[in-house]
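*Asks:* The file below is coords_16.csv, CSV, C-alpha atoms (C1' of nucleotides):
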```
chain,number,residue,atom,x,y,z
A,2,MET,CA,0.0,0.0,0.0
A,3,TYR,CA,1.4,3.4,-1.0
A,4,ARG,CA,2.0,5.9,1.6
A,5,LEU,CA,2.9,9.5,0.9
A,6,THR,CA,4.9,9.7,4.1
A,7,ASN,CA,7.2,6.9,3.0
A,8,SER,CA,7.7,8.3,-0.5
A,9,PHE,CA,11.1,9.7,-1.5
A,10,PRO,CA,9.9,13.1,-2.7
A,11,TYR,CA,7.9,13.6,0.5
A,12,LEU,CA,10.8,12.8,2.8
A,13,LEU,CA,13.1,14.9,0.7
A,14,ASN,CA,10.9,17.9,0.5
A,15,ARG,CA,10.2,17.8,4.2
A,16,VAL,CA,13.9,17.9,5.2
A,17,GLY,CA,14.6,20.5,2.5
A,18,VAL,CA,11.8,22.9,3.6
A,19,GLN,CA,12.6,22.5,7.2
A,20,MET,CA,16.3,23.1,6.8
A,21,GLY,CA,15.6,26.1,4.6
A,22,GLU,CA,13.2,27.5,7.1
A,23,LEU,CA,15.6,27.1,10.1
A,24,PHE,CA,18.6,28.5,8.2
A,25,SER,CA,16.5,31.5,7.0
A,26,ARG,CA,15.7,32.3,10.6
A,27,ARG,CA,19.3,31.9,11.6
A,28,ILE,CA,20.6,34.3,9.0
A,29,ALA,CA,17.8,36.8,9.1
A,30,GLY,CA,19.8,39.0,11.5
A,31,TYR,CA,22.4,39.5,8.8
A,32,GLY,CA,19.8,41.1,6.6
A,33,VAL,CA,19.8,38.4,3.9
A,34,THR,CA,17.2,35.9,2.8
A,35,LEU,CA,17.9,32.3,2.0
A,36,PRO,CA,17.8,32.8,-1.8
A,37,MET,CA,20.3,35.6,-1.4
A,38,TYR,CA,22.6,33.3,0.5
A,39,ARG,CA,22.3,30.6,-2.2
A,40,VAL,CA,23.2,33.1,-4.9
A,41,MET,CA,26.2,34.4,-2.9
A,42,ALA,CA,27.4,30.9,-2.0
A,43,ALA,CA,27.1,29.8,-5.7
A,44,LEU,CA,29.1,32.8,-6.7
A,45,TRP,CA,31.7,32.2,-4.0
A,46,GLU,CA,32.2,28.8,-5.4
A,47,THR,CA,32.1,29.8,-9.1
A,48,GLY,CA,32.3,33.5,-9.8
A,49,ASP,CA,31.7,35.4,-13.0
A,50,GLN,CA,28.5,33.6,-14.0
A,51,ARG,CA,25.9,34.5,-16.5
A,52,LEU,CA,22.3,34.7,-15.3
A,53,GLY,CA,21.2,31.5,-16.9
A,54,ASP,CA,24.0,29.5,-15.5
A,55,LEU,CA,23.4,30.9,-12.1
A,56,ALA,CA,19.8,29.9,-12.4
A,57,ALA,CA,20.7,26.4,-13.3
A,58,MET,CA,23.2,26.1,-10.5
A,59,THR,CA,20.8,27.5,-7.8
A,60,THR,CA,17.6,26.0,-9.2
A,61,ILE,CA,16.0,29.4,-9.1
A,62,GLU,CA,13.6,30.3,-11.9
A,63,ILE,CA,15.3,32.8,-14.2
A,64,SER,CA,12.9,35.7,-13.9
A,65,THR,CA,12.9,35.4,-10.2
A,66,LEU,CA,16.7,35.4,-10.2
A,67,SER,CA,16.9,38.4,-12.5
A,68,ARG,CA,15.0,40.5,-9.9
A,69,LEU,CA,16.8,39.0,-7.0
A,70,VAL,CA,20.2,39.9,-8.5
A,71,GLY,CA,18.8,43.4,-9.1
A,72,GLU,CA,18.0,43.7,-5.5
A,73,MET,CA,21.3,42.3,-4.4
A,74,LYS,CA,23.1,44.7,-6.7
A,75,ARG,CA,21.2,47.6,-5.1
A,76,ARG,CA,22.4,46.3,-1.7
A,77,GLY,CA,26.0,46.2,-2.9
A,78,LEU,CA,26.4,42.4,-2.6
A,79,VAL,CA,27.0,41.6,-6.3
A,80,THR,CA,27.8,43.3,-9.5
A,81,ARG,CA,26.1,42.7,-12.8
A,82,ALA,CA,27.4,44.0,-16.1
A,83,ARG,CA,26.8,43.3,-19.8
A,84,LEU,CA,29.7,41.7,-21.5
A,85,LYS,CA,31.6,43.8,-24.0
A,86,ASP,CA,32.1,40.9,-26.4
A,87,ASN,CA,28.5,39.6,-26.1
A,88,GLY,CA,26.0,42.2,-25.1
A,89,ARG,CA,23.2,39.6,-24.7
A,90,THR,CA,24.8,38.1,-21.6
A,91,VAL,CA,25.7,39.5,-18.3
A,92,ALA,CA,28.4,38.7,-15.8
A,93,ILE,CA,27.5,38.5,-12.2
A,94,ASN,CA,30.1,38.6,-9.4
A,95,LEU,CA,30.4,39.0,-5.7
A,96,THR,CA,31.5,42.4,-4.4
A,97,PRO,CA,34.0,42.5,-1.6
A,98,LYS,CA,31.1,43.3,0.7
A,99,GLY,CA,29.2,40.3,-0.6
A,100,ARG,CA,32.3,38.1,-0.2
A,101,THR,CA,32.9,39.1,3.3
A,102,LEU,CA,29.3,38.5,4.2
A,103,VAL,CA,29.0,35.1,2.6
A,104,GLU,CA,32.2,34.1,4.3
A,105,GLU,CA,30.5,34.8,7.6
A,106,LEU,CA,27.5,32.8,6.6
A,107,ILE,CA,29.2,29.7,5.3
A,108,PRO,CA,30.4,28.5,8.7
A,109,ILE,CA,26.8,28.7,9.9
A,110,ALA,CA,25.8,26.5,6.9
A,111,ILE,CA,28.5,24.1,7.7
A,112,HIS,CA,27.4,23.9,11.3
A,113,PHE,CA,23.8,23.3,10.3
A,114,GLU,CA,24.8,20.4,8.0
A,115,GLU,CA,27.0,19.1,10.8
A,116,VAL,CA,24.2,19.0,13.2
A,117,ALA,CA,21.9,17.4,10.6
A,118,VAL,CA,24.1,14.5,9.8
A,119,ARG,CA,26.0,14.0,13.1
A,120,ASP,CA,24.2,10.8,14.0
A,121,PHE,CA,25.5,9.0,10.9
A,122,PRO,CA,28.9,7.7,9.8
A,123,SER,CA,30.5,10.0,7.3
A,124,LYS,CA,30.5,7.1,4.8
A,125,SER,CA,26.7,6.9,4.7
A,126,ILE,CA,26.5,10.6,4.3
A,127,SER,CA,28.8,10.7,1.3
A,128,ASP,CA,26.9,7.8,-0.1
A,129,LEU,CA,23.7,9.7,0.4
A,130,LYS,CA,25.2,12.7,-1.4
A,131,SER,CA,26.3,10.8,-4.4
A,132,VAL,CA,22.9,9.1,-4.6
A,133,LEU,CA,21.3,12.5,-4.6
A,134,ALA,CA,23.6,13.8,-7.3
A,135,GLU,CA,22.9,10.7,-9.5
A,136,ILE,CA,19.1,10.9,-8.9
A,137,TYR,CA,19.2,14.5,-10.1
A,138,GLU,CA,20.7,13.2,-13.4
A,139,SER,CA,18.2,10.4,-13.7
A,140,LEU,CA,15.4,12.9,-13.6
A,141,LYS,CA,16.3,14.1,-17.0
A,142,SER,CA,14.9,10.9,-18.4
A,143,LEU,CA,11.4,11.9,-17.2
A,144,GLU,CA,11.2,15.0,-19.5
A,145,PRO,CA,10.2,13.3,-22.7
A,146,GLU,CA,7.4,11.3,-21.2
A,147,ILE,CA,5.9,14.4,-19.6
A,148,GLU,CA,5.6,16.0,-23.0
A,149,GLU,CA,4.2,12.7,-24.4
A,150,ALA,CA,1.6,12.3,-21.7
A,151,ASN,CA,0.4,15.9,-22.1
A,152,LYS,CA,0.3,15.5,-25.9
A,153,VAL,CA,-1.9,12.4,-25.6
A,154,ARG,CA,-4.1,14.1,-23.2
A,155,LYS,CA,-4.4,17.2,-25.3
A,156,ALA,CA,-5.3,15.1,-28.4
A,157,ALA,CA,-8.0,13.3,-26.5
A,158,LYS,CA,-9.4,16.6,-25.4
A,159,THR,CA,-9.5,18.0,-28.9
A,160,LYS,CA,-11.3,14.9,-30.1
A,161,ALA,CA,-13.8,15.1,-27.3
B,10,MET,CA,37.4,23.8,1.0
B,11,TYR,CA,33.6,24.3,1.3
B,12,ARG,CA,31.5,23.9,-1.8
B,13,LEU,CA,27.9,24.7,-1.9
B,14,THR,CA,27.4,22.2,-4.6
B,15,ASN,CA,28.6,19.4,-2.4
B,16,SER,CA,26.6,20.5,0.6
B,17,PHE,CA,23.7,18.4,1.8
B,18,PRO,CA,21.0,21.1,1.6
B,19,TYR,CA,22.0,22.1,-1.9
B,20,LEU,CA,21.9,18.5,-3.2
B,21,LEU,CA,18.6,17.9,-1.4
B,22,ASN,CA,16.9,21.1,-2.6
B,23,ARG,CA,18.0,20.6,-6.1
B,24,VAL,CA,16.4,17.2,-6.4
B,25,GLY,CA,13.3,18.3,-4.5
B,26,VAL,CA,12.7,21.4,-6.7
B,27,GLN,CA,13.3,19.5,-9.9
B,28,MET,CA,11.1,16.5,-9.0
B,29,GLY,CA,8.4,18.9,-7.9
B,30,GLU,CA,8.7,20.9,-11.1
B,31,LEU,CA,8.5,17.8,-13.3
B,32,PHE,CA,5.6,16.3,-11.4
B,33,SER,CA,3.8,19.6,-11.6
B,34,ARG,CA,4.0,19.6,-15.3
B,35,ARG,CA,3.0,16.0,-15.5
B,36,ILE,CA,-0.2,16.5,-13.5
B,37,ALA,CA,-1.1,19.9,-14.8
B,38,GLY,CA,-3.5,18.3,-17.3
B,39,TYR,CA,-5.6,17.0,-14.5
B,40,GLY,CA,-6.2,20.5,-13.3
B,41,VAL,CA,-4.4,20.3,-10.0
B,42,THR,CA,-1.2,21.9,-8.7
B,43,LEU,CA,1.5,20.1,-6.8
B,44,PRO,CA,0.5,21.5,-3.4
B,45,MET,CA,-3.1,20.2,-4.1
B,46,TYR,CA,-1.7,16.8,-4.9
B,47,ARG,CA,0.2,16.8,-1.6
B,48,VAL,CA,-2.9,17.7,0.4
B,49,MET,CA,-4.9,15.0,-1.3
B,50,ALA,CA,-2.3,12.3,-0.9
B,51,ALA,CA,-1.9,13.2,2.7
B,52,LEU,CA,-5.6,12.9,3.3
B,53,TRP,CA,-5.7,9.7,1.3
B,54,GLU,CA,-3.2,8.3,3.7
B,55,THR,CA,-4.7,9.8,6.9
B,56,GLY,CA,-8.2,11.2,6.5
B,57,ASP,CA,-10.2,13.5,8.8
B,58,GLN,CA,-7.4,15.8,9.7
B,59,ARG,CA,-7.4,19.2,11.4
B,60,LEU,CA,-5.7,22.0,9.5
B,61,GLY,CA,-2.8,22.3,11.8
B,62,ASP,CA,-2.0,18.6,11.6
B,63,LEU,CA,-2.3,18.6,7.8
B,64,ALA,CA,0.1,21.6,7.8
B,65,ALA,CA,2.6,19.7,9.8
B,66,MET,CA,2.2,16.6,7.7
B,67,THR,CA,2.7,18.4,4.4
B,68,THR,CA,5.1,21.1,5.5
B,69,ILE,CA,2.8,23.8,4.1
B,70,GLU,CA,2.6,27.0,6.1
B,71,ILE,CA,-0.8,27.1,7.8
B,72,SER,CA,-2.2,30.3,6.3
B,73,THR,CA,-1.2,29.1,2.9
B,74,LEU,CA,-2.9,25.8,3.6
B,75,SER,CA,-6.0,27.4,4.9
B,76,ARG,CA,-6.5,29.2,1.6
B,77,LEU,CA,-5.5,26.2,-0.4
B,78,VAL,CA,-8.1,24.0,1.3
B,79,GLY,CA,-10.6,26.7,0.7
B,80,GLU,CA,-9.9,26.6,-3.0
B,81,MET,CA,-9.9,22.8,-3.1
B,82,LYS,CA,-13.3,22.8,-1.3
B,83,ARG,CA,-14.6,25.2,-4.0
B,84,ARG,CA,-13.5,22.7,-6.6
B,85,GLY,CA,-15.2,19.8,-4.8
B,86,LEU,CA,-12.0,18.0,-3.9
B,87,VAL,CA,-12.2,18.1,-0.1
B,88,THR,CA,-14.7,19.0,2.6
B,89,ARG,CA,-14.0,21.2,5.5
B,90,ALA,CA,-16.3,21.5,8.5
B,91,ARG,CA,-16.1,22.8,12.0
B,92,LEU,CA,-16.4,20.0,14.6
B,93,LYS,CA,-19.5,19.9,16.7
B,94,ASP,CA,-17.7,19.1,19.8
B,95,ASN,CA,-14.9,21.5,19.3
B,96,GLY,CA,-15.8,24.5,17.2
B,97,ARG,CA,-12.2,25.8,17.1
B,98,THR,CA,-11.0,23.0,14.9
B,99,VAL,CA,-12.1,21.8,11.6
B,100,ALA,CA,-12.1,18.4,9.9
B,101,ILE,CA,-10.8,18.1,6.4
B,102,ASN,CA,-11.6,15.1,4.2
B,103,LEU,CA,-11.4,14.0,0.7
B,104,THR,CA,-14.7,14.0,-1.3
B,105,PRO,CA,-15.4,11.0,-3.6
B,106,LYS,CA,-14.2,13.2,-6.5
B,107,GLY,CA,-11.0,14.0,-4.7
B,108,ARG,CA,-10.4,10.4,-3.8
B,109,THR,CA,-10.9,9.3,-7.4
B,110,LEU,CA,-8.6,11.9,-8.7
B,111,VAL,CA,-5.8,11.2,-6.2
B,112,GLU,CA,-6.0,7.5,-7.0
B,113,GLU,CA,-5.3,8.4,-10.6
B,114,LEU,CA,-2.4,10.5,-9.6
B,115,ILE,CA,-0.7,8.2,-7.1
B,116,PRO,CA,0.4,5.7,-9.8
B,117,ILE,CA,2.1,8.6,-11.6
B,118,ALA,CA,3.9,9.6,-8.4
B,119,ILE,CA,5.0,6.0,-7.9
B,120,HIS,CA,6.3,5.8,-11.4
B,121,PHE,CA,8.3,9.0,-10.9
B,122,GLU,CA,9.9,7.7,-7.8
B,123,GLU,CA,10.6,4.5,-9.6
B,124,VAL,CA,12.5,6.2,-12.4
B,125,ALA,CA,14.4,8.4,-9.9
B,126,VAL,CA,15.7,5.5,-7.9
B,127,ARG,CA,16.0,2.7,-10.4
B,128,ASP,CA,19.7,2.8,-10.7
B,129,PHE,CA,20.1,1.9,-7.0
B,130,PRO,CA,19.6,-1.3,-5.0
B,131,SER,CA,16.4,-1.1,-3.0
B,132,LYS,CA,18.4,-1.5,0.1
B,133,SER,CA,20.3,1.7,-0.4
B,134,ILE,CA,17.1,3.5,-1.1
B,135,SER,CA,15.4,2.3,2.0
B,136,ASP,CA,18.5,3.3,3.9
B,137,LEU,CA,18.4,6.7,2.3
B,138,LYS,CA,14.8,7.1,3.4
B,139,SER,CA,15.4,6.3,6.9
B,140,VAL,CA,18.4,8.6,7.0
B,141,LEU,CA,16.1,11.4,5.7
B,142,ALA,CA,13.5,10.6,8.3
B,143,GLU,CA,16.1,10.7,11.1
B,144,ILE,CA,17.7,13.9,9.9
B,145,TYR,CA,14.3,15.5,10.0
B,146,GLU,CA,14.1,14.7,13.6
B,147,SER,CA,17.7,15.9,14.3
B,148,LEU,CA,16.8,19.3,13.0
B,149,LYS,CA,14.7,20.0,16.0
B,150,SER,CA,17.9,20.4,18.0
B,151,LEU,CA,18.8,23.4,16.0
B,152,GLU,CA,15.8,25.4,17.1
B,153,PRO,CA,17.1,26.6,20.5
B,154,GLU,CA,20.4,27.8,19.1
B,155,ILE,CA,18.6,29.9,16.5
B,156,GLU,CA,16.8,31.8,19.1
B,157,GLU,CA,20.0,32.1,21.1
B,158,ALA,CA,22.0,33.5,18.2
B,159,ASN,CA,19.3,36.0,17.4
B,160,LYS,CA,19.1,37.1,21.0
B,161,VAL,CA,22.8,37.7,21.2
B,162,ARG,CA,22.7,39.6,18.0
B,163,LYS,CA,19.8,41.7,19.2
B,164,ALA,CA,21.5,42.5,22.5
B,165,ALA,CA,24.7,43.6,20.7
B,166,LYS,CA,22.7,45.8,18.5
B,167,THR,CA,20.9,47.5,21.4
B,168,LYS,CA,24.2,48.2,23.1
B,169,ALA,CA,25.7,49.7,19.9
C,19,DG,C1',24.2,43.7,-45.7
C,20,DA,C1',19.0,43.2,-45.0
C,21,DA,C1',15.9,40.1,-43.1
C,22,DC,C1',14.9,36.7,-40.0
C,23,DA,C1',15.7,33.1,-36.5
C,24,DA,C1',17.9,32.1,-32.2
C,25,DT,C1',19.7,33.3,-27.7
C,26,DA,C1',19.7,36.0,-23.2
C,27,DA,C1',17.8,38.8,-20.0
C,28,DT,C1',14.1,41.7,-18.3
C,29,DT,C1',9.4,43.1,-17.3
C,30,DG,C1',4.1,43.1,-17.0
C,31,DC,C1',0.7,41.0,-14.7
C,32,DA,C1',-1.8,37.8,-12.2
C,33,DT,C1',-1.3,34.4,-8.6
C,34,DT,C1',0.8,32.6,-4.5
C,35,DT,C1',3.0,33.1,-0.3
C,36,DG,C1',3.9,34.2,4.6
C,37,DC,C1',3.9,37.1,8.5
C,38,DA,C1',1.1,39.5,11.8
C,39,DA,C1',-3.2,40.8,13.3
C,40,DA,C1',-8.0,39.5,13.8
C,41,DT,C1',-11.5,36.3,14.8
C,42,DA,C1',-13.7,32.4,17.1
C,43,DT,C1',-14.0,28.9,20.5
C,44,DC,C1',-12.5,26.5,24.4
C,45,DG,C1',-10.7,25.5,29.2
C,46,DG,C1',-9.7,26.9,33.6
C,47,DT,C1',-10.3,30.2,37.7
C,48,DC,C1',-12.4,33.0,41.0
D,4,DG,C1',-21.1,31.9,35.1
D,5,DA,C1',-18.2,36.1,33.8
D,6,DC,C1',-13.4,36.8,32.8
D,7,DC,C1',-8.9,35.7,30.9
D,8,DG,C1',-5.4,33.1,28.7
D,9,DA,C1',-4.6,29.5,25.4
D,10,DT,C1',-5.6,27.1,21.1
D,11,DA,C1',-7.2,26.9,16.1
D,12,DT,C1',-8.2,29.0,12.0
D,13,DT,C1',-8.8,32.8,8.9
D,14,DT,C1',-7.8,37.2,6.8
D,15,DG,C1',-5.3,41.8,5.5
D,16,DC,C1',-1.5,43.2,3.3
D,17,DA,C1',2.9,43.5,1.4
D,18,DA,C1',6.4,40.9,-0.8
D,19,DA,C1',7.8,37.0,-3.8
D,20,DT,C1',7.0,34.0,-7.6
D,21,DG,C1',6.3,32.3,-12.4
D,22,DC,C1',4.5,32.4,-16.9
D,23,DA,C1',4.2,34.9,-21.1
D,24,DA,C1',5.4,38.7,-23.7
D,25,DT,C1',9.0,42.2,-24.6
D,26,DT,C1',13.4,43.9,-25.4
D,27,DA,C1',18.1,43.6,-26.8
D,28,DT,C1',21.8,41.4,-29.1
D,29,DT,C1',24.0,38.0,-31.9
D,30,DG,C1',24.2,34.5,-35.6
D,31,DT,C1',22.7,32.9,-40.2
D,32,DT,C1',21.0,32.9,-44.8
D,33,DC,C1',20.1,34.7,-49.2
```
Mind converting the file's structure to structure tokens?
*Replies:*
Amino acid sequence: MYRLTNSFPYLLNRVGVQMGELFSRRIAGYGVTLPMYRVMAALWETGDQRLGDLAAMTTIEISTLSRLVGEMKRRGLVTRARLKDNGRTVAINLTPKGRTLVEELIPIAIHFEEVAVRDFPSKSISDLKSVLAEIYESLKSLEPEIEEANKVRKAAKTKA
Amino acid sequence: MYRLTNSFPYLLNRVGVQMGELFSRRIAGYGVTLPMYRVMAALWETGDQRLGDLAAMTTIEISTLSRLVGEMKRRGLVTRARLKDNGRTVAINLTPKGRTLVEELIPIAIHFEEVAVRDFPSKSISDLKSVLAEIYESLKSLEPEIEEANKVRKAAKTKA
DNA sequence: GAACAATAATTGCATTTGCAAATATCGGTC
DNA sequence: GACCGATATTTGCAAATGCAATTATTGTTC
């Protein structure tokens, strides 16, 4: 018998939402939101990104990210500039202020992760991580069947 | 060296967002959103819930859920009624229509999960699930230190 | 090199979200 | 049994979100 509460997406989502919520509250005093932290941490790892790449890296929808980056620029956390050799794209970077701030926050993120996983041997956590990374890749194979299912449905509807 | 892309919350969030996004698109043709599916699947597993319990079970913020349930009631998917013996609380249930619909959607959810995990032995998936469940519990221990950190910060600010 | 398709980012607009305040009911106390 | 604090849900309001359309630039074809 199927149970939502034993399903993989449910268990995943629950931990993700809760960790996000707790971390949000923890960093609120620094004047940044969780999505802002994610953007800064992504840029700290890989700087000089285009908007689209940053969206893919952070899993933030691109129009949301465009506005978010605008707000972060206003606050002096990042820079955003059109490229000279390709005016369609834009290069986003941390400012020194943004870098300093994210380097204050990363230890908090590390601590949160530490607490979350401390009851498990590090082997099982690294396994878990690689499973999550591979599952993410597997998801790509679902794309075609989604389109297919919707096409079928649409055709049936047109006929009806 | 810390890398966001190797952190547990990052890997978790990415899979969660992506699975949600794909599943949303897959079920859009049925006229329901992902949060609606979650509510229905939760009620299918455990019916006759109060709003607060349903919020805890689905990790949906309670005011959001209140409105969502209102909309689902309008659409004839659930019922919501104040209890006779305790007028503060309300009992939420699936309607026959809601039940029929969720029973169409659950097999799709099962299939998605299947595809996501098919490259791994079922043992490592059940391990993964129990780790996720335990981590969720461990997170409770972070609560007190969040308040503490914010208190400290606030005090410092007042002094300054 | 003009016209057109393709790529990248932004913006308009309607919907969703979440906090805080309001509302409603209950349980206990005097 | 009137009053007060606690519990449960809903609602007001401002901010965040996402889709679709728009703008801007580049690449391609004739």
*Asks:* For a quick check of your reading of the model, name the residues lying within 12 Å of the coordinate (8.3, 6.6, -8.2), counting only C-alpha atoms (C1' of nucleotides), and write them as JSON, numbers by chain.
*Replies:* {"A": [3, 4, 5, 7, 8, 9, 10, 11, 136, 139, 140, 143], "B": [28, 32, 114, 115, 116, 117, 118, 119, 120, 121, 122, 123, 124, 125, 126, 127, 134]}
*Asks:* Pull the closest atom pair for each residue of chain B that gets at most 8 Å from chain D, along with the distance in Å to one decimal, counting only C-alpha atoms (C1' of nucleotides), ordering rows by chain and then ascending residue number, as a Markdown table.
*Replies:*
```
| residue | atom | partner | partner_atom | distance |
| --- | --- | --- | --- | --- |
| B:Leu60 | CA | D:DT12 | C1' | 7.8 |
| B:Gly61 | CA | D:DA11 | C1' | 7.7 |
| B:Ser72 | CA | D:DT13 | C1' | 7.5 |
| B:Ser75 | CA | D:DT13 | C1' | 7.3 |
| B:Arg97 | CA | D:DA11 | C1' | 5.2 |
| B:Thr98 | CA | D:DA11 | C1' | 5.6 |
```
*Asks:* Please, which residues of chain C lie no more than 9 Å from chain B when the count uses all atoms listed in the file, and can they be set out as a PyMOL selection string?
*Replies:* chain C and resi 34-36+42-44
*Asks:* Please provide as a list in words all residues within 12 Å of Ala29 of chain A, with the sequence filter that same-chain residues fewer than 6 positions apart are discarded (counting all atoms listed in the file).
*Replies:*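 My list of contacting residues is Gly21, Glu22, Leu23, Leu35, Pro36, Met37, Tyr38 and Leu106 of chain A; Ile155, Glu156, Ala158, Asn159, Lys160, Arg162 and Lys163 of chain B.
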*Asks:* Which of these residues is nearest to chain B, using only C-alpha atoms: A:Gly30, A:Gly99, A:Gly48, A:Gly71?
*Replies:*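 Using only C-alpha atoms, chain B sits closest to A:Gly30.
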*Asks:* Figure out the distance between atom CA of Ser131 of chain A and atom CA of Arg47 of chain B, please, to one decimal in Å.
*Replies:* 26.9 Å
*Asks:* Closest to Pro153 of chain B among A:Met73, A:Met2, A:Arg27, A:Gly17, using all atoms listed in the file?
*Replies:* A:Arg27
*Asks:* Point out the residue among A:Ile28, A:Ala42, A:Val103, A:Ala56 with the least atom-to-atom distance to DA27 of chain C, counting all atoms listed in the file.
*Replies:*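 The closest residue to DA27 of chain C is A:Ala56.
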*Asks:* Restricting the calculation to only C-alpha atoms: of B:Met66, B:Leu92, B:Val41, B:Val87, which residue gets closest to chain A?
*Replies:*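 Counting only C-alpha atoms, the residue closest to chain A is B:Met66.
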*Asks:* Out of B:Glu113, B:Glu80, B:Asp94, B:Glu154, which residue has the shortest atom-to-atom distance to chain A when counting all atoms listed in the file?
*Replies:* B:Glu154
*Asks:* I need the residue nearest chain A from this list: B:Ser131, B:Asn102, B:Ser33, B:Thr68. Use all atoms listed in the file for the distance.
*Replies:*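 Of B:Ser131, B:Asn102, B:Ser33, B:Thr68, the one nearest chain A is B:Thr68, counting all atoms listed in the file.
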*Asks:* Please measure the separation of atom CA of Leu78 of chain A and atom CA of Leu44 of chain A, giving the value in Å to one decimal.
*Replies:*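 Computing the Euclidean distance for atom CA of Leu78 of chain A and atom CA of Leu44 of chain A yields 10.8 Å.
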*Asks:* Enter the distance from atom CA of Asp136 of chain B to atom CA of Asn22 of chain B, in Å, rounded to one decimal.
*Replies:*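 We find that atom CA of Asp136 of chain B and atom CA of Asn22 of chain B lie 19.0 Å from each other.
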*Asks:* N, CA and C atoms for segment 36-54 of chain A, written as a compact mmCIF listing (two decimals), in the coordinates of the input, could you do that?
*Replies:*
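Final output, saved to out-v8.txt:
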```txt
# COMPACT_ATOMS: atom_id res chain seq x y z
N PRO A 36 17.35 32.72 -0.40
CA PRO A 36 17.80 32.80 -1.80
C PRO A 36 18.99 33.64 -2.04
N MET A 37 19.09 34.73 -1.31
CA MET A 37 20.30 35.60 -1.40
C MET A 37 21.53 34.81 -1.01
N TYR A 38 21.43 34.10 0.09
CA TYR A 38 22.60 33.30 0.50
C TYR A 38 22.96 32.30 -0.56
N ARG A 39 21.97 31.65 -1.15
CA ARG A 39 22.30 30.60 -2.20
C ARG A 39 23.03 31.25 -3.34
N VAL A 40 22.57 32.42 -3.75
CA VAL A 40 23.20 33.10 -4.90
C VAL A 40 24.68 33.44 -4.48
N MET A 41 24.85 33.98 -3.30
CA MET A 41 26.20 34.40 -2.90
C MET A 41 27.12 33.14 -2.76
N ALA A 42 26.59 32.07 -2.19
CA ALA A 42 27.40 30.90 -2.00
C ALA A 42 27.76 30.26 -3.37
N ALA A 43 26.83 30.33 -4.30
CA ALA A 43 27.10 29.80 -5.70
C ALA A 43 28.21 30.65 -6.31
N LEU A 44 28.12 31.96 -6.14
CA LEU A 44 29.10 32.80 -6.70
C LEU A 44 30.47 32.72 -6.03
N TRP A 45 30.42 32.40 -4.77
CA TRP A 45 31.70 32.20 -4.00
C TRP A 45 32.40 30.99 -4.55
N GLU A 46 31.60 29.97 -4.90
CA GLU A 46 32.20 28.80 -5.40
C GLU A 46 32.65 28.96 -6.90
N THR A 47 31.78 29.57 -7.68
CA THR A 47 32.10 29.80 -9.10
C THR A 47 31.65 31.21 -9.47
N GLY A 48 32.64 32.08 -9.57
CA GLY A 48 32.30 33.50 -9.80
C GLY A 48 32.09 33.74 -11.31
N ASP A 49 31.75 34.98 -11.59
CA ASP A 49 31.70 35.40 -13.00
C ASP A 49 30.68 34.60 -13.80
N GLN A 50 29.49 34.47 -13.29
CA GLN A 50 28.50 33.60 -14.00
C GLN A 50 27.50 34.45 -14.76
N ARG A 51 26.98 33.85 -15.79
CA ARG A 51 25.90 34.50 -16.50
C ARG A 51 24.58 34.14 -15.74
N LEU A 52 23.55 34.89 -16.01
CA LEU A 52 22.30 34.70 -15.30
C LEU A 52 21.75 33.30 -15.44
N GLY A 53 21.73 32.83 -16.68
CA GLY A 53 21.20 31.50 -16.90
C GLY A 53 21.92 30.40 -16.24
N ASP A 54 23.23 30.51 -16.21
CA ASP A 54 24.00 29.50 -15.50
C ASP A 54 23.79 29.50 -14.03
```
